[in-house]
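One file, input.txt, is given below (compact mmCIF, C-alpha atoms).
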```
# COMPACT_ATOMS: atom_id res chain seq x y z
CA MET A 1 -16.56 -51.73 79.78
CA LEU A 2 -12.82 -51.12 79.42
CA GLN A 3 -12.53 -53.85 76.79
CA PHE A 4 -15.44 -52.33 74.86
CA LEU A 5 -13.71 -48.92 74.87
CA ASN A 6 -10.47 -50.52 73.72
CA LEU A 7 -12.33 -52.38 70.97
CA ILE A 8 -13.72 -49.17 69.47
CA ARG A 9 -10.36 -47.36 69.98
CA TRP A 10 -11.80 -44.60 72.15
CA GLN A 11 -8.61 -42.51 71.96
CA ASN A 12 -8.80 -42.39 68.17
CA LEU A 13 -12.51 -41.54 68.30
CA ILE A 14 -11.79 -38.62 70.62
CA MET A 15 -9.18 -37.40 68.13
CA ILE A 16 -11.70 -37.58 65.28
CA ALA A 17 -14.27 -35.62 67.28
CA LEU A 18 -11.63 -33.10 68.41
CA THR A 19 -10.52 -32.57 64.81
CA GLN A 20 -14.04 -31.89 63.62
CA TYR A 21 -14.81 -29.51 66.48
CA LEU A 22 -11.56 -27.65 65.84
CA ILE A 23 -12.54 -27.15 62.21
CA LYS A 24 -15.87 -25.58 63.17
CA TYR A 25 -14.97 -23.64 66.29
CA ALA A 26 -11.31 -22.76 65.71
CA LEU A 27 -11.05 -22.53 61.93
CA LEU A 28 -14.47 -21.40 60.68
CA LEU A 29 -16.55 -19.56 63.27
CA PRO A 30 -13.84 -17.01 64.28
CA PHE A 31 -13.86 -15.69 60.71
CA PHE A 32 -17.56 -14.89 60.44
CA ASP A 33 -17.11 -11.18 61.19
CA SER A 34 -13.75 -10.57 59.49
CA HIS A 35 -14.18 -12.69 56.35
CA GLY A 36 -17.89 -13.43 56.16
CA VAL A 37 -17.46 -17.19 56.56
CA ILE A 38 -20.91 -18.73 57.06
CA THR A 39 -21.49 -22.19 58.52
CA THR A 40 -24.60 -24.28 57.96
CA LEU A 41 -25.03 -26.39 61.07
CA LYS A 42 -26.24 -25.25 64.46
CA PRO A 43 -24.56 -26.83 67.52
CA LEU A 44 -27.04 -29.74 67.66
CA GLY A 45 -26.73 -30.45 63.95
CA PHE A 46 -22.96 -30.37 64.17
CA ALA A 47 -23.03 -32.73 67.15
CA ILE A 48 -25.07 -35.15 65.02
CA LEU A 49 -22.42 -34.94 62.28
CA VAL A 50 -19.66 -35.71 64.78
CA ILE A 51 -21.60 -38.59 66.36
CA ALA A 52 -22.38 -40.08 62.95
CA THR A 53 -18.71 -39.90 61.96
CA VAL A 54 -17.53 -41.35 65.26
CA PHE A 55 -20.05 -44.22 65.16
CA ILE A 56 -19.03 -45.22 61.64
CA ALA A 57 -15.35 -45.02 62.60
CA ALA A 58 -16.02 -47.11 65.72
CA GLY A 59 -17.77 -49.70 63.55
CA GLY A 60 -14.70 -49.76 61.33
CA TYR A 61 -12.44 -50.53 64.29
CA VAL A 62 -14.77 -53.33 65.42
CA ILE A 63 -14.93 -55.08 62.04
CA ASN A 64 -11.19 -54.66 61.65
CA ASP A 65 -10.60 -56.44 64.96
CA ILE A 66 -12.98 -59.24 63.92
CA TYR A 67 -10.99 -59.93 60.77
CA ASP A 68 -7.62 -59.35 62.48
CA THR A 69 -8.10 -61.83 65.31
CA GLU A 70 -5.58 -64.30 63.86
CA THR A 71 -2.89 -61.74 63.03
CA ASP A 72 -3.36 -59.89 66.34
CA SER A 73 -2.89 -63.16 68.25
CA ILE A 74 0.61 -63.25 66.76
CA ASN A 75 1.57 -59.56 66.59
CA LYS A 76 -0.01 -58.35 69.84
CA PRO A 77 -1.51 -61.27 71.80
CA ASN A 78 -2.03 -59.15 74.92
CA LYS A 79 -4.36 -56.79 73.03
CA VAL A 80 -6.70 -59.35 71.48
CA ILE A 81 -10.29 -58.56 72.45
CA VAL A 82 -12.62 -60.33 69.99
CA GLY A 83 -12.95 -63.97 70.94
CA LYS A 84 -11.27 -63.37 74.29
CA TYR A 85 -13.34 -60.75 76.10
CA ILE A 86 -16.09 -60.12 73.56
CA SER A 87 -17.50 -62.90 71.39
CA GLU A 88 -17.31 -62.57 67.62
CA LYS A 89 -21.11 -62.68 67.45
CA ASN A 90 -21.49 -59.79 69.88
CA ALA A 91 -18.75 -57.85 68.10
CA LEU A 92 -20.52 -58.32 64.77
CA THR A 93 -23.80 -57.17 66.32
CA LEU A 94 -22.04 -54.11 67.69
CA PHE A 95 -20.58 -53.38 64.24
CA ILE A 96 -24.03 -53.49 62.66
CA ILE A 97 -25.58 -51.26 65.36
CA LEU A 98 -22.82 -48.66 65.10
CA ASN A 99 -23.13 -48.47 61.33
CA VAL A 100 -26.92 -48.39 61.27
CA VAL A 101 -26.96 -45.55 63.79
CA GLY A 102 -24.10 -43.68 62.10
CA VAL A 103 -25.53 -43.94 58.60
CA GLY A 104 -29.04 -43.24 59.91
CA LEU A 105 -27.88 -40.03 61.58
CA GLY A 106 -26.08 -39.09 58.37
CA TYR A 107 -29.31 -39.57 56.42
CA TYR A 108 -31.28 -37.48 58.94
CA LEU A 109 -28.71 -34.69 58.87
CA SER A 110 -28.41 -34.60 55.07
CA ASN A 111 -32.15 -34.30 54.64
CA GLY A 112 -32.35 -31.75 57.44
CA ILE A 113 -30.15 -29.29 55.54
CA GLY A 114 -31.81 -30.01 52.20
CA LYS A 115 -28.80 -31.85 50.76
CA SER A 116 -29.97 -35.46 50.63
CA GLY A 117 -27.13 -36.34 48.24
CA PHE A 118 -24.59 -35.77 51.04
CA PHE A 119 -25.93 -38.97 52.62
CA VAL A 120 -23.83 -40.92 50.12
CA ILE A 121 -20.67 -39.86 51.97
CA PHE A 122 -21.68 -41.88 55.04
CA ILE A 123 -22.54 -44.92 52.91
CA ILE A 124 -19.18 -44.73 51.14
CA ALA A 125 -17.23 -44.37 54.41
CA SER A 126 -19.07 -47.31 56.01
CA ALA A 127 -18.64 -49.51 52.94
CA LEU A 128 -14.95 -48.67 52.54
CA LEU A 129 -14.19 -49.54 56.17
CA TYR A 130 -15.91 -52.93 55.79
CA ILE A 131 -14.26 -53.72 52.44
CA TYR A 132 -10.91 -52.59 53.81
CA SER A 133 -11.07 -54.98 56.76
CA SER A 134 -12.50 -57.93 54.83
CA TYR A 135 -10.54 -57.68 51.60
CA LEU A 136 -8.51 -54.59 50.71
CA LYS A 137 -6.23 -54.79 53.74
CA GLN A 138 -4.61 -57.88 52.26
CA MET A 139 -3.73 -56.12 48.98
CA LEU A 140 -0.47 -54.33 48.32
CA LEU A 141 -0.81 -50.63 49.26
CA ILE A 142 -4.52 -50.51 48.32
CA GLY A 143 -5.68 -51.01 51.89
CA ASN A 144 -3.22 -48.40 53.19
CA LEU A 145 -4.44 -45.87 50.64
CA VAL A 146 -8.13 -46.57 51.32
CA ILE A 147 -7.92 -46.24 55.10
CA SER A 148 -5.89 -43.03 54.75
CA LEU A 149 -8.53 -41.72 52.35
CA VAL A 150 -11.25 -42.42 54.92
CA VAL A 151 -9.25 -40.51 57.54
CA ALA A 152 -9.02 -37.55 55.17
CA LEU A 153 -12.73 -37.87 54.45
CA SER A 154 -13.55 -37.40 58.14
CA ILE A 155 -11.99 -33.93 57.80
CA VAL A 156 -13.39 -32.97 54.39
CA ILE A 157 -16.92 -33.91 55.46
CA VAL A 158 -17.00 -30.95 57.85
CA GLY A 159 -16.28 -28.56 54.99
CA VAL A 160 -18.89 -30.26 52.83
CA PHE A 161 -21.65 -29.91 55.44
CA GLU A 162 -20.64 -26.56 56.88
CA LEU A 163 -19.47 -24.49 53.91
CA LEU A 164 -21.01 -25.77 50.68
CA PRO A 165 -24.73 -25.45 51.59
CA ALA A 166 -24.18 -21.88 52.82
CA MET A 167 -22.26 -20.76 49.73
CA THR A 168 -23.66 -17.80 47.77
CA GLU A 169 -22.25 -15.49 45.11
CA VAL A 170 -21.55 -12.95 47.84
CA ASN A 171 -19.52 -15.21 50.14
CA LYS A 172 -18.21 -17.69 47.56
CA ALA A 173 -14.60 -16.48 47.73
CA ALA A 174 -14.42 -16.83 51.52
CA GLN A 175 -16.22 -20.19 51.57
CA VAL A 176 -13.93 -21.62 48.89
CA ALA A 177 -10.79 -20.24 50.57
CA PHE A 178 -11.60 -21.90 53.89
CA PHE A 179 -12.72 -25.11 52.18
CA GLU A 180 -9.26 -25.19 50.59
CA ILE A 181 -7.67 -24.83 54.04
CA ILE A 182 -9.73 -27.81 55.20
CA LEU A 183 -8.53 -29.73 52.13
CA ASP A 184 -4.93 -28.88 53.05
CA TYR A 185 -5.45 -30.43 56.47
CA ALA A 186 -7.11 -33.46 54.88
CA ILE A 187 -4.10 -33.93 52.59
CA PHE A 188 -1.79 -33.63 55.60
CA ALA A 189 -3.83 -36.24 57.48
CA PHE A 190 -3.79 -38.53 54.43
CA MET A 191 0.00 -38.34 54.09
CA ILE A 192 0.76 -38.82 57.77
CA ASN A 193 -1.72 -41.66 58.18
CA PHE A 194 -0.43 -43.41 55.04
CA ILE A 195 3.10 -43.33 56.42
CA ARG A 196 1.89 -44.63 59.78
CA GLU A 197 -0.02 -47.47 58.10
CA LEU A 198 3.16 -48.58 56.33
CA VAL A 199 5.15 -48.35 59.56
CA LYS A 200 2.53 -50.55 61.26
CA ASP A 201 2.80 -53.04 58.37
CA ILE A 202 6.55 -53.31 58.98
CA GLU A 203 5.91 -53.68 62.71
CA ASP A 204 3.34 -56.45 62.10
CA ILE A 205 5.20 -58.26 59.32
CA ASP A 206 5.50 -61.59 61.18
CA GLY A 207 1.80 -62.05 61.88
CA ASP A 208 0.75 -60.69 58.48
CA TYR A 209 3.09 -63.10 56.70
CA LYS A 210 1.72 -66.12 58.54
CA VAL A 211 -1.87 -65.36 57.47
CA GLY A 212 -0.91 -64.76 53.85
CA MET A 213 -1.27 -60.98 53.58
CA LYS A 214 0.50 -59.03 50.82
CA THR A 215 1.67 -55.90 52.60
CA LEU A 216 4.56 -53.82 51.27
CA PRO A 217 7.25 -55.23 53.63
CA ILE A 218 6.14 -58.79 52.81
CA VAL A 219 6.25 -58.21 49.05
CA ILE A 220 9.51 -56.24 48.78
CA GLY A 221 11.15 -57.08 52.10
CA ARG A 222 11.49 -55.20 55.37
CA GLU A 223 14.65 -53.33 54.38
CA ARG A 224 13.30 -52.02 51.07
CA ALA A 225 9.97 -51.15 52.65
CA ASN A 226 11.83 -49.20 55.31
CA LYS A 227 13.56 -47.16 52.59
CA VAL A 228 10.22 -46.45 50.90
CA VAL A 229 8.69 -45.21 54.16
CA PHE A 230 11.80 -43.14 54.84
CA ALA A 231 11.43 -41.48 51.42
CA LEU A 232 7.73 -40.84 52.06
CA SER A 233 8.55 -39.26 55.43
CA LEU A 234 10.91 -36.86 53.66
CA ILE A 235 8.20 -35.97 51.13
CA ALA A 236 5.77 -35.25 53.98
CA LEU A 237 8.43 -33.20 55.75
CA PHE A 238 9.21 -31.09 52.69
CA ALA A 239 5.50 -30.66 51.95
CA VAL A 240 4.87 -29.23 55.44
CA VAL A 241 7.93 -26.97 55.18
CA TYR A 242 6.77 -25.73 51.78
CA TYR A 243 3.26 -25.02 53.11
CA VAL A 244 4.60 -23.08 56.08
CA VAL A 245 7.04 -21.05 53.96
CA VAL A 246 4.47 -20.18 51.29
CA ASN A 247 1.44 -19.52 53.49
CA LEU A 248 2.58 -18.69 57.01
CA PHE A 249 6.12 -17.29 56.82
CA LYS A 250 5.10 -13.83 58.12
CA GLN A 251 3.49 -15.30 61.24
CA ILE A 252 6.43 -15.85 63.60
CA GLU A 253 4.44 -17.53 66.38
CA VAL A 254 2.71 -19.89 63.94
CA VAL A 255 5.98 -20.75 62.19
CA SER A 256 7.54 -21.46 65.60
CA TYR A 257 4.67 -23.80 66.45
CA PHE A 258 5.12 -25.77 63.23
CA LEU A 259 8.90 -25.90 63.61
CA VAL A 260 8.78 -27.27 67.16
CA LEU A 261 5.66 -29.44 67.14
CA VAL A 262 5.32 -30.66 63.54
CA ILE A 263 8.51 -30.26 61.51
CA ALA A 264 10.97 -31.26 64.26
CA PRO A 265 9.05 -34.48 65.11
CA LEU A 266 8.88 -35.33 61.37
CA ILE A 267 12.65 -34.91 61.15
CA TYR A 268 12.95 -37.18 64.19
CA VAL A 269 10.71 -39.76 62.49
CA SER A 270 12.86 -39.70 59.35
CA ILE A 271 16.05 -40.16 61.37
CA LYS A 272 14.55 -43.04 63.34
CA LEU A 273 13.25 -44.72 60.17
CA PHE A 274 16.70 -44.58 58.65
CA SER A 275 18.08 -46.80 61.42
CA ALA A 276 14.99 -48.75 62.54
CA GLU A 277 15.35 -52.53 62.75
CA LYS A 278 13.38 -53.95 65.68
CA GLN A 279 9.63 -54.16 66.18
CA SER A 280 9.94 -51.87 69.20
CA HIS A 281 11.55 -49.23 66.97
CA TYR A 282 8.58 -49.19 64.61
CA LYS A 283 6.12 -49.13 67.50
CA HIS A 284 7.86 -46.02 68.84
CA ILE A 285 7.90 -44.38 65.40
CA SER A 286 4.19 -45.12 64.96
CA LEU A 287 3.43 -43.38 68.27
CA VAL A 288 5.46 -40.30 67.30
CA ILE A 289 3.66 -40.12 63.94
CA LYS A 290 0.33 -40.25 65.77
CA LEU A 291 1.45 -37.34 67.94
CA VAL A 292 2.47 -35.41 64.81
CA MET A 293 -1.03 -35.94 63.48
CA LEU A 294 -2.43 -34.48 66.71
CA THR A 295 -0.11 -31.46 66.81
CA GLY A 296 -0.65 -30.82 63.10
CA ILE A 297 -4.43 -30.86 63.41
CA SER A 298 -4.31 -28.78 66.60
CA SER A 299 -2.57 -25.98 64.68
CA MET A 300 -6.06 -24.93 63.53
CA ILE A 301 -6.31 -23.08 66.84
CA LEU A 302 -3.67 -20.66 65.57
CA TYR A 303 -5.56 -19.52 62.48
CA GLN A 304 -7.62 -16.98 64.40
CA PHE A 305 -4.35 -15.21 65.21
CA ILE A 306 -3.17 -15.13 61.59
CA SER A 307 -3.42 -11.91 59.62
CA PHE A 308 -4.74 -12.86 56.18
CA THR A 309 -3.87 -10.50 53.36
```
Starting from the file, lay out its structure as structure tokens.
Amino acid sequence: MLQFLNLIRWQNLIMIALTQYLIKYALLLPFFDSHGVITTLKPLGFAILVIATVFIAAGGYVINDIYDTETDSINKPNKVIVGKYISEKNALTLFIILNVVGVGLGYYLSNGIGKSGFFVIFIIASALLYIYSSYLKQMLLIGNLVISLVVALSIVIVGVFELLPAMTEVNKAAQVAFFEIILDYAIFAFMINFIRELVKDIEDIDGDYKVGMKTLPIVIGRERANKVVFALSLIALFAVVYYVVVNLFKQIEVVSYFLVLVIAPLIYVSIKLFSAEKQSHYKHISLVIKLVMLTGISSMILYQFISFT
């Protein structure tokens, strides 16, 4: 059971579900009375959306492990699951089941709210995760961009299902405004995840090189790749600072939260990247970036305490 949970990356799945629930219950619902924000899905319908997203993401982790067996045996031999604890055949069967259920729930939900076209989102996410693992991951930067896009999509999809179907001429301004906030979080998640993907590529350079992958550190070298990631970390840092200054500067408590739990860790990441050399350094940086993702997403809780003007 433990190996199964590790295979589907249960911690990451919890984070996906947490993010989606925060969007609905911390970012949207508190503003029904004050701003007239209307959501589409009832609790059961929203749970179906979350389960569908989580199942498709879990399937993505499974297929990724199937294709990464060789590289993982070099980069992290103690964490290899497929072929060691779970056969490749069973893993492939699990991948198919997770995707069929996830996409099926997406189809049911889309039709249930009268927006059958939304079903395409689940198909695209499932297809991208498979193509990423089987092909795109080996291409320079393309795989990193695609997987980061899928992460952002898991956030945007809540706005698509919750806000767009309930939009009318009367509430259009409020619906659009909060959809834009969701997009801001999706962009944040895209940037942070993209940086983390590149850090992981540097960390896994030895195994990736031996199987013929064309990741950024393999193509331009570890040192140059490190400088690129360092520059990207600064861009992400300045982007967050700009967002806080422009949108939240009057909210002292919120600004304090971002300074301590988002901006300060990003500064730390940039400093560590500047001097990183060993695999252990990049593993540590990757963990800190993951925590930044969590603290950044969790800031949605604070929006109900913000005075919008």
Next item on the list: Calculate how many Å separate atom CA of A:Val62 from atom CA of A:Ser134, rounding to one decimal.
Entry: 11.8 Å
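Of the listed residues (A:Ser299, A:Thr69, A:Ser233, A:Ser34), A:Ser299 comes nearest to A:Val255; the distances count all atoms listed in the file.
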Could you give me, as CSV, a per-residue list for stretch 149-175 of chain A showing, wherever an atom lies at most 9 Å from an atom of stretch 15-31 of chain A, the closest pair of atoms and their distance in Å to one decimal, using all atoms listed in the file and sorting by chain then residue number from low to high?
```
residue,atom,partner,partner_atom,distance
A:Val151,CA,A:Ile16,CA,8.6
A:Ser154,CA,A:Ile16,CA,7.4
A:Ile155,CA,A:Gln20,CA,6.5
A:Ile157,CA,A:Gln20,CA,8.9
A:Val158,CA,A:Gln20,CA,6.6
A:Gly159,CA,A:Ile23,CA,8.3
A:Glu162,CA,A:Lys24,CA,8.0
A:Leu163,CA,A:Leu28,CA,9.0
```
Note to self: Here is a test: counting all atoms listed in the file, which residue of A:Val82, A:Met191, A:Val54, A:Val288 is nearest to A:Leu7?
What the structure shows: A:Val82
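Using all atoms listed in the file, the protein and nucleic acid residues lying no more than 8 Å from A:Phe122, apart from those fewer than 5 places from it along its own chain, are Thr53, Ile56, Gly102, Val103 and Gly106 of chain A.
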Notebook entry, point to check: Mind pulling up the distance from atom CA of A:Tyr135 to atom CA of A:Ile147?
Noted result: 12.2 Å
Check: Taking into account all atoms listed in the file, which residue in the set A:Glu180, A:Asp201, A:Asp33, A:Asp68 is nearest to A:Leu141?
Finding: A:Asp201
Item checked: Polymer residues at most 12 Å from A:Gly221, all atoms listed in the file, same-chain spacing of 6 or more positions, as a list in words ->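 Non-adjacent residues within range: Asp201, Ile202, Ile205, Asp206, Tyr209, Lys214, Thr215, Lys227 and Val228 of chain A.
Among the candidates A:Leu153, A:Ile113, A:Ile74, A:Met213, the one nearest to A:Leu136 when counting all atoms listed in the file is A:Met213.
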Next item on the list: May I ask for the distance between atom CA of A:Tyr242 and atom CA of A:Ile267, given in Å to one decimal place?
Entry: 14.4 Å
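Nearest to A:Asp184 of all the residues A:Thr93, A:Thr39, A:Asn247, A:Ser286 is A:Asn247, counting only C-alpha atoms.
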Once 4 Å is added on each side, what centre and edge lengths in Å to one decimal does the axis-aligned box around all listed atoms of stretch 227-236 of chain A have, as JSON?
```
{"center_x": 9.7, "center_y": -41.2, "center_z": 53.2, "size_x": 15.8, "size_y": 19.9, "size_z": 12.5}
```
Item checked: Shortest interatomic distance to A:Val101 - which of A:Leu44, A:Phe55, A:Val262, A:Tyr85, counting only C-alpha atoms ->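 Smallest separation from A:Val101 among the options: A:Phe55.
Every polymer residue reaching to within 10 Å of (7.6, -46.0, 51.9), counting all atoms listed in the file, appears in this list: Leu141, Phe194, Ile195, Arg196, Glu197, Leu198, Val199, Leu216, Pro217, Arg224, Ala225, Asn226, Lys227, Val228, Val229, Phe230, Ala231, Leu232, Ser233 and Leu234 of chain A.
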Note to self: Please list as a ChimeraX atom specification every residue within 12 Å of A:Ile289, counting only C-alpha atoms and excluding residues in the same chain fewer than 3 positions away.
What the structure shows: /A:188-189,191-200,233,236-237,261-270,272-273,282-286,292-296
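Using only C-alpha atoms, the contacts of stretch 86-92 of chain A at a cut-off of 9 Å, with sequence neighbours closer than 2 positions omitted, comprise Gln3, Phe4, Leu7, Val62, Ile63, Asp65, Ile66, Ile81, Val82, Gly83, Lys84, Leu94, Phe95, Ile96 and Ile97 of chain A.
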Margin query: If we count only C-alpha atoms and set the cut-off at 9 Å, which residues sit around A:Gly207, ignoring sequence neighbours fewer than 2 positions away in its own chain? Please answer as a ChimeraX atom specification.
Written below: /A:70-76,204-205,209-213
How about completing stretch 241-265 of chain A with N, CA and C atoms and giving it to me as a compact mmCIF listing (two decimals), in the frame of the given file?
```txt
# COMPACT_ATOMS: atom_id res chain seq x y z
N VAL A 241 7.02 -28.13 55.22
CA VAL A 241 7.93 -26.97 55.18
C VAL A 241 7.51 -26.01 54.08
N TYR A 242 7.20 -26.56 52.92
CA TYR A 242 6.77 -25.73 51.78
C TYR A 242 5.49 -24.97 52.13
N TYR A 243 4.54 -25.65 52.74
CA TYR A 243 3.26 -25.02 53.11
C TYR A 243 3.49 -23.88 54.08
N VAL A 244 4.33 -24.10 55.07
CA VAL A 244 4.60 -23.08 56.08
C VAL A 244 5.30 -21.87 55.45
N VAL A 245 6.28 -22.13 54.60
CA VAL A 245 7.04 -21.05 53.96
C VAL A 245 6.15 -20.22 53.04
N VAL A 246 5.31 -20.88 52.27
CA VAL A 246 4.47 -20.18 51.29
C VAL A 246 3.30 -19.45 51.94
N ASN A 247 2.68 -20.07 52.94
CA ASN A 247 1.44 -19.52 53.49
C ASN A 247 1.56 -18.82 54.84
N LEU A 248 2.57 -19.17 55.62
CA LEU A 248 2.58 -18.69 57.01
C LEU A 248 3.88 -18.00 57.42
N PHE A 249 4.77 -17.73 56.45
CA PHE A 249 6.12 -17.29 56.82
C PHE A 249 6.16 -15.97 57.57
N LYS A 250 5.12 -15.13 57.43
CA LYS A 250 5.10 -13.83 58.12
C LYS A 250 4.61 -13.95 59.56
N GLN A 251 4.06 -15.10 59.91
CA GLN A 251 3.49 -15.30 61.24
C GLN A 251 4.50 -16.03 62.12
N ILE A 252 5.31 -15.28 62.85
CA ILE A 252 6.43 -15.85 63.60
C ILE A 252 5.97 -16.90 64.61
N GLU A 253 4.91 -16.60 65.35
CA GLU A 253 4.44 -17.53 66.38
C GLU A 253 3.95 -18.84 65.75
N VAL A 254 3.24 -18.70 64.62
CA VAL A 254 2.71 -19.89 63.94
C VAL A 254 3.85 -20.72 63.37
N VAL A 255 4.82 -20.05 62.75
CA VAL A 255 5.98 -20.75 62.19
C VAL A 255 6.72 -21.49 63.31
N SER A 256 6.86 -20.84 64.45
CA SER A 256 7.54 -21.46 65.60
C SER A 256 6.81 -22.72 66.04
N TYR A 257 5.48 -22.64 66.08
CA TYR A 257 4.67 -23.80 66.45
C TYR A 257 4.95 -24.97 65.52
N PHE A 258 4.90 -24.71 64.21
CA PHE A 258 5.12 -25.77 63.23
C PHE A 258 6.54 -26.33 63.31
N LEU A 259 7.51 -25.45 63.52
CA LEU A 259 8.90 -25.90 63.61
C LEU A 259 9.10 -26.86 64.78
N VAL A 260 8.55 -26.49 65.93
CA VAL A 260 8.78 -27.27 67.16
C VAL A 260 7.89 -28.51 67.24
N LEU A 261 6.62 -28.37 66.87
CA LEU A 261 5.66 -29.44 67.14
C LEU A 261 5.25 -30.28 65.92
N VAL A 262 5.65 -29.87 64.73
CA VAL A 262 5.32 -30.66 63.54
C VAL A 262 6.57 -31.02 62.75
N ILE A 263 7.34 -30.01 62.36
CA ILE A 263 8.51 -30.26 61.51
C ILE A 263 9.61 -31.01 62.26
N ALA A 264 9.92 -30.58 63.48
CA ALA A 264 10.97 -31.26 64.26
C ALA A 264 10.62 -32.74 64.51
N PRO A 265 9.39 -33.06 64.94
CA PRO A 265 9.05 -34.48 65.11
C PRO A 265 9.12 -35.27 63.80
```
